[in-house]
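Shown next: my_file.cif, containing mmCIF, C-alpha atoms, pLDDT in the B column; chains and numbers go by the auth columns.
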```
data_structure
loop_
_atom_site.group_PDB
_atom_site.id
_atom_site.type_symbol
_atom_site.label_atom_id
_atom_site.label_comp_id
_atom_site.label_asym_id
_atom_site.label_seq_id
_atom_site.Cartn_x
_atom_site.Cartn_y
_atom_site.Cartn_z
_atom_site.B_iso_or_equiv
_atom_site.auth_seq_id
_atom_site.auth_asym_id
ATOM 1 C CA MET A 1 -9.451 4.526 -19.493 93.00 1 A
ATOM 2 C CA LYS A 2 -10.239 2.294 -16.534 96.00 2 A
ATOM 3 C CA VAL A 3 -7.969 2.617 -13.484 97.00 3 A
ATOM 4 C CA LEU A 4 -7.707 0.018 -10.730 97.00 4 A
ATOM 5 C CA THR A 5 -6.238 0.744 -7.321 97.00 5 A
ATOM 6 C CA ALA A 6 -5.514 -1.693 -4.488 96.00 6 A
ATOM 7 C CA VAL A 7 -6.091 -0.795 -0.826 97.00 7 A
ATOM 8 C CA LYS A 8 -5.053 -2.630 2.327 96.00 8 A
ATOM 9 C CA ARG A 9 -6.491 -2.581 5.846 95.00 9 A
ATOM 10 C CA VAL A 10 -3.680 -2.041 8.361 93.00 10 A
ATOM 11 C CA VAL A 11 -3.209 -0.921 11.948 91.00 11 A
ATOM 12 C CA ASP A 12 -3.578 2.871 12.030 91.00 12 A
ATOM 13 C CA TYR A 13 -0.213 4.613 11.837 88.00 13 A
ATOM 14 C CA ASN A 14 -0.937 6.528 15.062 88.00 14 A
ATOM 15 C CA VAL A 15 -1.307 3.317 17.084 87.00 15 A
ATOM 16 C CA LYS A 16 1.617 1.835 19.002 87.00 16 A
ATOM 17 C CA VAL A 17 1.582 -1.832 18.060 85.00 17 A
ATOM 18 C CA ARG A 18 1.942 -4.611 20.615 86.00 18 A
ATOM 19 C CA VAL A 19 3.356 -8.089 20.126 87.00 19 A
ATOM 20 C CA LYS A 20 1.199 -11.051 21.175 87.00 20 A
ATOM 21 C CA ALA A 21 2.192 -12.842 24.351 86.00 21 A
ATOM 22 C CA ASP A 22 3.106 -15.981 22.419 88.00 22 A
ATOM 23 C CA GLN A 23 5.218 -13.904 19.968 86.00 23 A
ATOM 24 C CA SER A 24 3.250 -15.274 17.018 82.00 24 A
ATOM 25 C CA GLY A 25 2.509 -11.826 15.572 82.00 25 A
ATOM 26 C CA VAL A 26 1.143 -8.354 16.242 84.00 26 A
ATOM 27 C CA ASP A 27 -1.915 -8.004 18.468 84.00 27 A
ATOM 28 C CA ILE A 28 -4.685 -6.278 16.493 83.00 28 A
ATOM 29 C CA GLY A 29 -7.481 -6.945 18.978 82.00 29 A
ATOM 30 C CA ASN A 30 -9.444 -3.759 19.775 84.00 30 A
ATOM 31 C CA VAL A 31 -6.945 -1.735 17.741 88.00 31 A
ATOM 32 C CA LYS A 32 -7.944 1.053 15.363 91.00 32 A
ATOM 33 C CA MET A 33 -7.533 -0.013 11.735 90.00 33 A
ATOM 34 C CA SER A 34 -7.372 2.223 8.682 93.00 34 A
ATOM 35 C CA MET A 35 -6.312 2.313 5.055 95.00 35 A
ATOM 36 C CA ASN A 36 -2.603 1.954 4.367 96.00 36 A
ATOM 37 C CA PRO A 37 -1.323 5.552 3.854 95.00 37 A
ATOM 38 C CA PHE A 38 0.444 4.732 0.568 96.00 38 A
ATOM 39 C CA ASP A 39 -2.815 3.235 -0.738 96.00 39 A
ATOM 40 C CA GLU A 40 -4.604 6.476 0.133 96.00 40 A
ATOM 41 C CA ILE A 41 -2.095 8.247 -2.104 97.00 41 A
ATOM 42 C CA ALA A 42 -2.748 5.709 -4.864 96.00 42 A
ATOM 43 C CA THR A 43 -6.525 6.167 -4.605 97.00 43 A
ATOM 44 C CA GLU A 44 -6.124 9.949 -4.630 97.00 44 A
ATOM 45 C CA ALA A 45 -3.941 9.701 -7.752 96.00 45 A
ATOM 46 C CA ALA A 46 -6.541 7.568 -9.527 97.00 46 A
ATOM 47 C CA THR A 47 -9.323 9.959 -8.511 96.00 47 A
ATOM 48 C CA ARG A 48 -7.385 12.963 -9.815 96.00 48 A
ATOM 49 C CA LEU A 49 -6.896 11.230 -13.160 96.00 49 A
ATOM 50 C CA LYS A 50 -10.652 10.788 -13.389 96.00 50 A
ATOM 51 C CA GLU A 51 -11.292 14.412 -12.407 95.00 51 A
ATOM 52 C CA ALA A 52 -8.828 15.512 -15.099 94.00 52 A
ATOM 53 C CA GLY A 53 -10.711 13.513 -17.727 93.00 53 A
ATOM 54 C CA LYS A 54 -7.916 10.983 -18.185 93.00 54 A
ATOM 55 C CA ALA A 55 -9.849 8.096 -16.608 94.00 55 A
ATOM 56 C CA THR A 56 -13.460 7.048 -16.998 95.00 56 A
ATOM 57 C CA GLU A 57 -13.766 4.698 -13.995 96.00 57 A
ATOM 58 C CA VAL A 58 -11.829 4.005 -10.803 97.00 58 A
ATOM 59 C CA ILE A 59 -12.123 0.581 -9.166 97.00 59 A
ATOM 60 C CA ALA A 60 -10.813 -0.051 -5.645 97.00 60 A
ATOM 61 C CA VAL A 61 -9.823 -3.616 -4.738 97.00 61 A
ATOM 62 C CA SER A 62 -9.031 -5.060 -1.324 96.00 62 A
ATOM 63 C CA CYS A 63 -8.122 -8.573 -0.206 95.00 63 A
ATOM 64 C CA GLY A 64 -8.722 -9.890 3.295 93.00 64 A
ATOM 65 C CA VAL A 65 -11.295 -10.232 6.039 93.00 65 A
ATOM 66 C CA PRO A 66 -14.893 -8.926 5.771 94.00 66 A
ATOM 67 C CA GLN A 67 -13.921 -5.769 7.711 93.00 67 A
ATOM 68 C CA CYS A 68 -11.944 -4.690 4.640 94.00 68 A
ATOM 69 C CA GLN A 69 -15.262 -3.373 3.342 96.00 69 A
ATOM 70 C CA GLU A 70 -14.726 -0.401 5.682 95.00 70 A
ATOM 71 C CA THR A 71 -11.413 0.316 3.944 95.00 71 A
ATOM 72 C CA LEU A 72 -13.110 0.064 0.564 96.00 72 A
ATOM 73 C CA ARG A 73 -15.781 2.524 1.717 96.00 73 A
ATOM 74 C CA THR A 74 -13.004 4.996 2.513 96.00 74 A
ATOM 75 C CA ALA A 75 -11.625 4.539 -1.012 96.00 75 A
ATOM 76 C CA LEU A 76 -15.124 5.073 -2.417 97.00 76 A
ATOM 77 C CA ALA A 77 -15.454 8.235 -0.330 96.00 77 A
ATOM 78 C CA ILE A 78 -12.167 9.540 -1.765 96.00 78 A
ATOM 79 C CA GLY A 79 -13.530 9.077 -5.260 95.00 79 A
ATOM 80 C CA ALA A 80 -13.480 5.460 -6.461 96.00 80 A
ATOM 81 C CA ASP A 81 -16.610 4.442 -8.363 96.00 81 A
ATOM 82 C CA ARG A 82 -16.980 0.886 -7.096 96.00 82 A
ATOM 83 C CA GLY A 83 -15.192 -1.670 -4.976 96.00 83 A
ATOM 84 C CA VAL A 84 -14.186 -5.316 -5.158 97.00 84 A
ATOM 85 C CA LEU A 85 -13.437 -7.349 -2.040 97.00 85 A
ATOM 86 C CA VAL A 86 -11.674 -10.696 -2.335 96.00 86 A
ATOM 87 C CA GLU A 87 -12.779 -12.081 1.017 96.00 87 A
ATOM 88 C CA THR A 88 -10.552 -14.548 2.834 94.00 88 A
ATOM 89 C CA ASP A 89 -9.378 -15.242 6.373 90.00 89 A
ATOM 90 C CA ALA A 90 -6.046 -16.639 5.152 89.00 90 A
ATOM 91 C CA GLU A 91 -2.805 -14.887 6.032 89.00 91 A
ATOM 92 C CA LEU A 92 -2.123 -12.988 2.829 92.00 92 A
ATOM 93 C CA GLN A 93 1.485 -12.621 1.732 92.00 93 A
ATOM 94 C CA PRO A 94 2.648 -10.455 -1.208 94.00 94 A
ATOM 95 C CA LEU A 95 2.676 -13.229 -3.797 95.00 95 A
ATOM 96 C CA ALA A 96 -0.850 -14.355 -2.874 95.00 96 A
ATOM 97 C CA VAL A 97 -2.120 -10.768 -3.058 96.00 97 A
ATOM 98 C CA ALA A 98 -0.452 -10.305 -6.445 96.00 98 A
ATOM 99 C CA LYS A 99 -2.118 -13.477 -7.759 97.00 99 A
ATOM 100 C CA LEU A 100 -5.528 -12.352 -6.474 97.00 100 A
ATOM 101 C CA LEU A 101 -5.082 -8.899 -8.002 97.00 101 A
ATOM 102 C CA LYS A 102 -4.010 -10.444 -11.318 97.00 102 A
ATOM 103 C CA ALA A 103 -7.202 -12.493 -11.393 97.00 103 A
ATOM 104 C CA VAL A 104 -9.306 -9.393 -10.731 97.00 104 A
ATOM 105 C CA ILE A 105 -7.362 -7.448 -13.388 97.00 105 A
ATOM 106 C CA ASP A 106 -7.918 -10.216 -15.931 96.00 106 A
ATOM 107 C CA LYS A 107 -11.628 -9.834 -15.231 95.00 107 A
ATOM 108 C CA GLU A 108 -11.836 -6.032 -15.133 95.00 108 A
ATOM 109 C CA GLN A 109 -9.262 -5.230 -17.865 95.00 109 A
ATOM 110 C CA PRO A 110 -8.026 -1.853 -16.546 96.00 110 A
ATOM 111 C CA GLN A 111 -5.450 0.142 -18.519 96.00 111 A
ATOM 112 C CA LEU A 112 -3.617 1.382 -15.417 97.00 112 A
ATOM 113 C CA VAL A 113 -3.104 -0.140 -11.961 97.00 113 A
ATOM 114 C CA ILE A 114 -1.916 2.138 -9.144 97.00 114 A
ATOM 115 C CA LEU A 115 -0.746 0.693 -5.813 95.00 115 A
ATOM 116 C CA GLY A 116 1.026 2.033 -2.764 94.00 116 A
ATOM 117 C CA LYS A 117 4.741 1.241 -2.848 94.00 117 A
ATOM 118 C CA GLN A 118 4.464 -0.707 0.425 94.00 118 A
ATOM 119 C CA ALA A 119 2.181 -1.408 3.381 93.00 119 A
ATOM 120 C CA ILE A 120 3.138 -0.044 6.784 91.00 120 A
ATOM 121 C CA ASP A 121 2.419 -3.331 8.572 89.00 121 A
ATOM 122 C CA ASP A 122 4.982 -5.601 6.919 88.00 122 A
ATOM 123 C CA ASP A 123 6.916 -3.048 4.782 89.00 123 A
ATOM 124 C CA ALA A 124 7.469 -5.785 2.202 91.00 124 A
ATOM 125 C CA GLY A 125 7.199 -3.503 -0.840 91.00 125 A
ATOM 126 C CA GLN A 126 6.803 -6.484 -3.180 94.00 126 A
ATOM 127 C CA THR A 127 3.203 -6.666 -4.398 95.00 127 A
ATOM 128 C CA GLY A 128 3.463 -4.134 -7.226 95.00 128 A
ATOM 129 C CA GLN A 129 6.589 -5.712 -8.678 96.00 129 A
ATOM 130 C CA LEU A 130 5.214 -9.259 -8.369 96.00 130 A
ATOM 131 C CA LEU A 131 1.973 -8.181 -10.020 97.00 131 A
ATOM 132 C CA ALA A 132 3.841 -6.606 -12.947 97.00 132 A
ATOM 133 C CA ALA A 133 5.813 -9.818 -13.402 97.00 133 A
ATOM 134 C CA LEU A 134 2.686 -12.009 -13.326 97.00 134 A
ATOM 135 C CA LEU A 135 0.921 -9.778 -15.855 97.00 135 A
ATOM 136 C CA ASP A 136 4.085 -9.186 -17.923 96.00 136 A
ATOM 137 C CA TRP A 137 3.267 -5.455 -17.845 97.00 137 A
ATOM 138 C CA PRO A 138 5.728 -2.558 -17.658 97.00 138 A
ATOM 139 C CA GLN A 139 6.094 -0.989 -14.224 96.00 139 A
ATOM 140 C CA ALA A 140 7.171 2.323 -12.706 95.00 140 A
ATOM 141 C CA THR A 141 7.782 2.182 -8.967 95.00 141 A
ATOM 142 C CA PHE A 142 8.138 4.914 -6.308 95.00 142 A
ATOM 143 C CA ALA A 143 6.256 7.469 -8.418 95.00 143 A
ATOM 144 C CA SER A 144 6.252 11.132 -7.366 95.00 144 A
ATOM 145 C CA ASN A 145 4.490 12.331 -10.541 95.00 145 A
ATOM 146 C CA ILE A 146 2.272 10.673 -13.154 96.00 146 A
ATOM 147 C CA GLU A 147 1.308 12.129 -16.534 95.00 147 A
ATOM 148 C CA ILE A 148 -0.934 10.186 -18.889 95.00 148 A
ATOM 149 C CA GLY A 149 -0.357 10.528 -22.643 91.00 149 A
ATOM 150 C CA ASP A 150 -1.701 8.764 -25.699 90.00 150 A
ATOM 151 C CA GLY A 151 -1.322 5.095 -24.788 91.00 151 A
ATOM 152 C CA SER A 152 1.534 5.780 -22.396 94.00 152 A
ATOM 153 C CA ALA A 153 2.367 7.167 -18.957 95.00 153 A
ATOM 154 C CA THR A 154 5.324 9.369 -18.057 96.00 154 A
ATOM 155 C CA VAL A 155 6.331 8.743 -14.458 96.00 155 A
ATOM 156 C CA THR A 156 8.834 10.575 -12.292 96.00 156 A
ATOM 157 C CA ARG A 157 10.473 8.061 -9.960 94.00 157 A
ATOM 158 C CA GLU A 158 12.263 8.726 -6.694 91.00 158 A
ATOM 159 C CA VAL A 159 15.562 6.835 -6.743 90.00 159 A
ATOM 160 C CA ASP A 160 18.635 6.889 -4.502 89.00 160 A
ATOM 161 C CA GLY A 161 20.457 9.389 -6.711 87.00 161 A
ATOM 162 C CA GLY A 162 17.520 11.809 -7.123 90.00 162 A
ATOM 163 C CA LEU A 163 14.738 11.622 -9.722 93.00 163 A
ATOM 164 C CA GLU A 164 14.336 9.417 -12.779 95.00 164 A
ATOM 165 C CA VAL A 165 11.748 10.039 -15.510 96.00 165 A
ATOM 166 C CA VAL A 166 10.502 7.018 -17.451 95.00 166 A
ATOM 167 C CA THR A 167 7.829 6.564 -20.117 96.00 167 A
ATOM 168 C CA ILE A 168 5.953 3.258 -20.117 96.00 168 A
ATOM 169 C CA ARG A 169 3.331 1.816 -22.427 96.00 169 A
ATOM 170 C CA LEU A 170 -0.154 1.161 -21.093 96.00 170 A
ATOM 171 C CA PRO A 171 -1.437 -1.079 -19.607 96.00 171 A
ATOM 172 C CA ALA A 172 1.054 -0.706 -16.779 97.00 172 A
ATOM 173 C CA ILE A 173 1.654 -0.895 -13.040 97.00 173 A
ATOM 174 C CA VAL A 174 2.579 2.187 -10.992 97.00 174 A
ATOM 175 C CA THR A 175 3.447 2.246 -7.291 96.00 175 A
ATOM 176 C CA THR A 176 3.210 5.518 -5.393 95.00 176 A
ATOM 177 C CA ASP A 177 5.662 7.344 -3.168 93.00 177 A
ATOM 178 C CA LEU A 178 4.875 9.874 -0.451 92.00 178 A
ATOM 179 C CA ARG A 179 5.427 12.973 -2.572 91.00 179 A
ATOM 180 C CA LEU A 180 2.995 12.033 -5.347 94.00 180 A
ATOM 181 C CA ASN A 181 0.131 13.899 -3.647 95.00 181 A
ATOM 182 C CA GLU A 182 -1.583 14.671 -0.368 94.00 182 A
ATOM 183 C CA PRO A 183 -4.852 12.720 -0.070 94.00 183 A
ATOM 184 C CA ARG A 184 -7.944 14.846 0.358 93.00 184 A
ATOM 185 C CA TYR A 185 -9.920 15.090 3.567 91.00 185 A
ATOM 186 C CA VAL A 186 -12.936 12.809 3.287 92.00 186 A
ATOM 187 C CA THR A 187 -16.087 14.856 3.864 92.00 187 A
ATOM 188 C CA LEU A 188 -19.345 13.630 5.387 94.00 188 A
ATOM 189 C CA PRO A 189 -21.339 14.032 2.127 94.00 189 A
ATOM 190 C CA ASN A 190 -18.797 11.863 0.302 94.00 190 A
ATOM 191 C CA ILE A 191 -18.943 9.271 3.096 94.00 191 A
ATOM 192 C CA MET A 192 -22.726 9.136 2.676 95.00 192 A
ATOM 193 C CA LYS A 193 -22.379 8.812 -1.114 94.00 193 A
ATOM 194 C CA ALA A 194 -19.859 5.998 -0.650 95.00 194 A
ATOM 195 C CA LYS A 195 -22.438 3.948 1.236 94.00 195 A
ATOM 196 C CA LYS A 196 -24.513 3.745 -1.944 94.00 196 A
ATOM 197 C CA LYS A 197 -21.666 2.695 -4.210 96.00 197 A
ATOM 198 C CA PRO A 198 -21.485 -1.038 -5.049 95.00 198 A
ATOM 199 C CA ILE A 199 -18.945 -3.478 -3.609 96.00 199 A
ATOM 200 C CA ASP A 200 -18.627 -6.888 -5.268 96.00 200 A
ATOM 201 C CA ILE A 201 -17.540 -9.704 -2.941 96.00 201 A
ATOM 202 C CA LEU A 202 -15.530 -12.579 -4.351 96.00 202 A
ATOM 203 C CA LYS A 203 -13.755 -15.569 -2.867 95.00 203 A
ATOM 204 C CA PRO A 204 -10.281 -16.762 -3.873 95.00 204 A
ATOM 205 C CA ALA A 205 -11.920 -19.932 -5.193 95.00 205 A
ATOM 206 C CA ASP A 206 -14.011 -17.791 -7.567 94.00 206 A
ATOM 207 C CA LEU A 207 -10.734 -16.549 -9.042 94.00 207 A
ATOM 208 C CA SER A 208 -9.064 -20.007 -9.032 95.00 208 A
ATOM 209 C CA VAL A 209 -6.330 -18.745 -6.696 94.00 209 A
ATOM 210 C CA ASP A 210 -4.917 -20.520 -3.650 94.00 210 A
ATOM 211 C CA PRO A 211 -3.901 -17.795 -1.142 92.00 211 A
ATOM 212 C CA SER A 212 -2.236 -20.167 1.326 91.00 212 A
ATOM 213 C CA PRO A 213 0.948 -18.646 2.803 90.00 213 A
ATOM 214 C CA ARG A 214 4.307 -19.963 1.606 89.00 214 A
ATOM 215 C CA LEU A 215 6.301 -18.497 4.473 88.00 215 A
ATOM 216 C CA ARG A 216 5.923 -19.230 8.182 87.00 216 A
ATOM 217 C CA THR A 217 6.607 -16.648 10.882 86.00 217 A
ATOM 218 C CA LEU A 218 8.763 -18.198 13.583 89.00 218 A
ATOM 219 C CA LYS A 219 8.719 -15.372 16.097 89.00 219 A
ATOM 220 C CA VAL A 220 7.898 -11.670 16.392 88.00 220 A
ATOM 221 C CA VAL A 221 9.629 -9.567 19.040 87.00 221 A
ATOM 222 C CA GLU A 222 9.631 -5.887 19.900 85.00 222 A
ATOM 223 C CA PRO A 223 12.777 -3.859 19.159 83.00 223 A
ATOM 224 C CA ALA A 224 15.263 -3.691 22.019 82.00 224 A
ATOM 225 C CA ALA A 225 14.760 -0.650 24.228 82.00 225 A
ATOM 226 C CA ARG A 226 17.305 2.082 23.675 82.00 226 A
ATOM 227 C CA LYS A 227 19.604 2.889 26.550 82.00 227 A
ATOM 228 C CA ALA A 228 19.246 6.268 28.187 83.00 228 A
ATOM 229 C CA GLY A 229 21.735 8.937 27.147 83.00 229 A
ATOM 230 C CA VAL A 230 24.380 10.355 29.462 84.00 230 A
ATOM 231 C CA ILE A 231 25.596 13.900 30.034 90.00 231 A
ATOM 232 C CA VAL A 232 29.345 14.463 30.003 89.00 232 A
ATOM 233 C CA PRO A 233 30.935 17.387 31.845 91.00 233 A
ATOM 234 C CA ASP A 234 33.234 18.605 29.077 92.00 234 A
ATOM 235 C CA VAL A 235 34.709 17.942 25.641 93.00 235 A
ATOM 236 C CA ALA A 236 37.610 15.937 27.045 91.00 236 A
ATOM 237 C CA ALA A 237 35.208 13.490 28.688 89.00 237 A
ATOM 238 C CA LEU A 238 33.244 13.235 25.447 89.00 238 A
ATOM 239 C CA VAL A 239 36.388 12.432 23.450 89.00 239 A
ATOM 240 C CA GLN A 240 37.400 9.818 26.003 87.00 240 A
ATOM 241 C CA LYS A 241 33.993 8.124 25.811 85.00 241 A
ATOM 242 C CA LEU A 242 34.137 8.144 22.028 86.00 242 A
ATOM 243 C CA LYS A 243 37.534 6.470 22.159 85.00 243 A
ATOM 244 C CA SER A 244 36.716 3.881 24.806 83.00 244 A
ATOM 245 C CA GLU A 245 32.994 3.120 24.214 79.00 245 A
ATOM 246 C CA ALA A 246 31.853 4.285 20.790 71.00 246 A
ATOM 247 C CA LYS A 247 35.045 3.107 19.059 62.00 247 A
ATOM 248 C CA VAL A 248 34.828 5.860 16.434 54.00 248 A
ATOM 249 C CA ILE A 249 38.223 7.534 16.953 46.00 249 A
#
```

Could you spell out this file's structure in structure tokens?
Amino acid sequence: MKVLTAVKRVVDYNVKVRVKADQSGVDIGNVKMSMNPFDEIATEAATRLKEAGKATEVIAVSCGVPQCQETLRTALAIGADRGVLVETDAELQPLAVAKLLKAVIDKEQPQLVILGKQAIDDDAGQTGQLLAALLDWPQATFASNIEIGDGSATVTREVDGGLEVVTIRLPAIVTTDLRLNEPRYVTLPNIMKAKKKPIDILKPADLSVDPSPRLRTLKVVEPAARKAGVIVPDVAALVQKLKSEAKVI
């Protein structure tokens, strides 16, 4: 079974993001970039399936600028066998990414596609669902456990009311939640091995896909600063403030 996983290059989660002076977007100049944490979980899940003998090959795919090759190298160091970069400088929105991934999937013919449930830069959480719709494949989102059977996958999903277990036919799309696994620490020997693994570079035109954005960002602003808290002398003062200011009593 061939497994494909998608990885995105995002601002590292430890970095405090800054808005550009013209409010056109987030400033990523001289900012540390890394793989989207949910995509790390997806790559780890695919690698574990291969280690368990359930998968024969793991392919990591990324869409974006040439620097995305660094993100792919991280995926290769985790355990992916080869990478595919769809190189473009266009602003990629979820639908465009889904179309690019569909074109790669049509070419590679994997039996399972594992993606992170969302990216921490835009938090859209749409690509997996859009991809399933374009492919007309079954999907299981927010997975906290994946078990591969004979031509099917049993997935435990995290839903508002608790856990839901679904069985879907392969080929299928699965998006990962935080509790699916803890990605392994990438060791230096694996980083060195990853440098020798192949990465194919494609252009959207090679896949007959137009990645032009359909939405336009009007303005990006930082969240309003929270007001400092106050200390009240006693319970009576607290109750009075709740009545007069918080409006909860």

Taking the file as shown, what set of residues would the PyMOL selection byres ((chain A and resi 2-11) around 7) give back, as an NGL selection string? :A and (1 or 12-13 or 15 or 31-36 or 39 or 42-43 or 46 or 55-62 or 68 or 71 or 110-115 or 121)

How many Å separate atom CA of Thr175 of chain A from atom CA of Ala140 of chain A?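 Taking atom CA of Thr175 of chain A and atom CA of Ala140 of chain A, their separation equals 6.6 Å.
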
To verify the selection step, state as a PyMOL selection string which residues the PyMOL selection byres ((chain A and resi 136) around 12) yields on this input. chain A and resi 102+128-135+137-139+169-173

Show me as an MDAnalysis selection string the residues that reach within 12 Å of (-3.8, -13.9, -8.6), counting only C-alpha atoms and using the file's own coordinates. chainID A and resid 63 86 92:107 127 130:135 203:212

Within 6 Å of Arg82 of chain A using only C-alpha atoms, minus same-chain residues under 2 positions, as a PyMOL selection string: chain A and resi 59+80+197-199
